[in-house]
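Here's the structure, in structure tokens; my notes come after.
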Amino acid sequence: MQHHNEQSLGKVIQEFLRVNKLESKLSDVRALDCWPKVVGPMISKHTIDLRIDKKTLYVRLDSDAIRNELLYAKSLIIKNMNNEVGKEAIIEIVFR
């Protein structure tokens, strides 16, 4: 039996996420998960807290020196995180 309204499972899930406004939350989770891969184990070890609010990533670090170094690499970190997520999930980073 052939159905004319067939869609791939991936498209159905994407539509479900979009309709239920969960798409941005999923992107947030993916962005948080890729932080260690993007910045490496040393910086990840000094990361105390990560959170995302309205496409802004807030990063709390335990080292002022690392915080200052990351300020210079902010645009590269944003680019690499968005590449990992596959969409523009982060537009700004605030280091604390």
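For the structure tokens, the naming scheme is as follows: chains receive sequential letters (A, B, ...) according to their order of presentation, residues are indexed from 1 within each chain, and ligands are indexed from 1 in presentation order.
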
- Using only C-alpha atoms, which residues sit within 12 Å of Val29 (chain A) once same-chain residues fewer than 2 positions away are excluded, as a list in words?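 Counting only the stated atoms, we get Leu22, Glu23, Ser24, Lys25, Leu26, Ser27, Ala31, Leu32, Asp33, Cys34, Trp35, Leu50, Arg51, Ile52, Asp53, Lys55, Leu57, Met81, Glu84, Val85, Ala89 and Ile90 of chain A.
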
- Proximity to Thr56 (chain A) - best of A:Val94, A:Val38, A:Val12, A:Ala73, only C-alpha atoms: A:Val94

- Can you list every residue in region 42-93 of chain A that DSSP puts in strand (DSSP E), as a ChimeraX atom specification? /A:47-53,56-61,92-93

With N, CA and C atoms retained, write the just-selected residues as a compact mmCIF listing (two decimals), in the first residue's frame.
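Writing done, so here's out.txt:
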```
# COMPACT_ATOMS: atom_id res chain seq x y z
N THR A 47 36.65 25.27 33.10
CA THR A 47 35.30 25.78 32.92
C THR A 47 34.44 25.34 34.09
N ILE A 48 33.88 26.31 34.80
CA ILE A 48 33.05 26.02 35.98
C ILE A 48 31.59 25.85 35.58
N ASP A 49 31.12 26.70 34.68
CA ASP A 49 29.70 26.67 34.33
C ASP A 49 29.52 27.16 32.90
N LEU A 50 28.57 26.57 32.20
CA LEU A 50 28.17 26.98 30.85
C LEU A 50 26.66 27.07 30.81
N ARG A 51 26.16 28.13 30.17
CA ARG A 51 24.72 28.21 29.93
C ARG A 51 24.48 29.07 28.70
N ILE A 52 23.37 28.88 28.06
CA ILE A 52 23.01 29.63 26.86
C ILE A 52 21.67 30.29 27.10
N ASP A 53 21.61 31.57 26.76
CA ASP A 53 20.36 32.33 26.84
C ASP A 53 20.29 33.22 25.60
N THR A 56 23.31 33.52 23.37
CA THR A 56 24.53 34.00 24.02
C THR A 56 25.01 32.91 24.96
N LEU A 57 26.28 32.52 24.80
CA LEU A 57 26.90 31.51 25.65
C LEU A 57 27.59 32.22 26.80
N TYR A 58 27.22 31.88 28.02
CA TYR A 58 27.85 32.42 29.22
C TYR A 58 28.79 31.36 29.77
N VAL A 59 30.06 31.74 29.90
CA VAL A 59 31.10 30.80 30.32
C VAL A 59 31.74 31.32 31.60
N ARG A 60 31.67 30.51 32.66
CA ARG A 60 32.34 30.86 33.91
C ARG A 60 33.61 30.03 34.03
N LEU A 61 34.72 30.72 34.24
CA LEU A 61 36.03 30.07 34.30
C LEU A 61 36.66 30.31 35.66
N GLU A 92 27.08 35.15 20.45
CA GLU A 92 27.91 35.93 21.38
C GLU A 92 28.37 35.02 22.51
N ILE A 93 29.54 35.34 23.06
CA ILE A 93 30.05 34.63 24.23
C ILE A 93 30.42 35.67 25.28
```

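Ranking A:Gly86, A:Glu6, A:Lys45, A:Phe95 by their shortest atom-to-atom distance to Tyr72 (chain A), with only C-alpha atoms included, puts A:Phe95 first.
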
- Of the candidates A:Lys37, A:Lys54, A:Arg67, A:Arg30, which shows the shortest atom-to-atom distance to Ile91 (chain A), using only C-alpha atoms?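 Ranked by minimum distance to Ile91 (chain A), first place goes to A:Lys54.
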
- Task: Give the alpha helix (DSSP H) residues of region 40-87 of chain A, as DSSP finds them on the backbone, and put them as JSON, numbers by chain.
- Result: {"A": [41, 42, 43, 44, 45, 64, 65, 66, 67, 68, 69, 70, 71, 72, 74, 75, 76, 77, 78, 79, 80, 81, 82, 83, 84, 85]}

- Item | Closest of A:Ile66, A:Glu15, A:Ser8, A:Val39 to Lys79 (chain A) - atom-to-atom distances counting only C-alpha atoms | A:Val39

- Message: Quick check, in Å to one decimal: how far apart do CA of Ser63 (chain A) and CA of Lys87 (chain A) lie?
- Response: 29.7 Å

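The interatomic distance for the pair CA of Ile78 (chain A) and CA of Ile43 (chain A) works out to 15.1 Å.
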
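In this model, the gap between CA of Glu88 (chain A) and CA of Asp64 (chain A) comes to 27.8 Å.
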
- Counting only C-alpha atoms, the option among A:Pro36, A:Asp28, A:Asp62, A:Arg96 closest to Asn82 (chain A):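 Nearest to Asn82 (chain A): A:Asp28.
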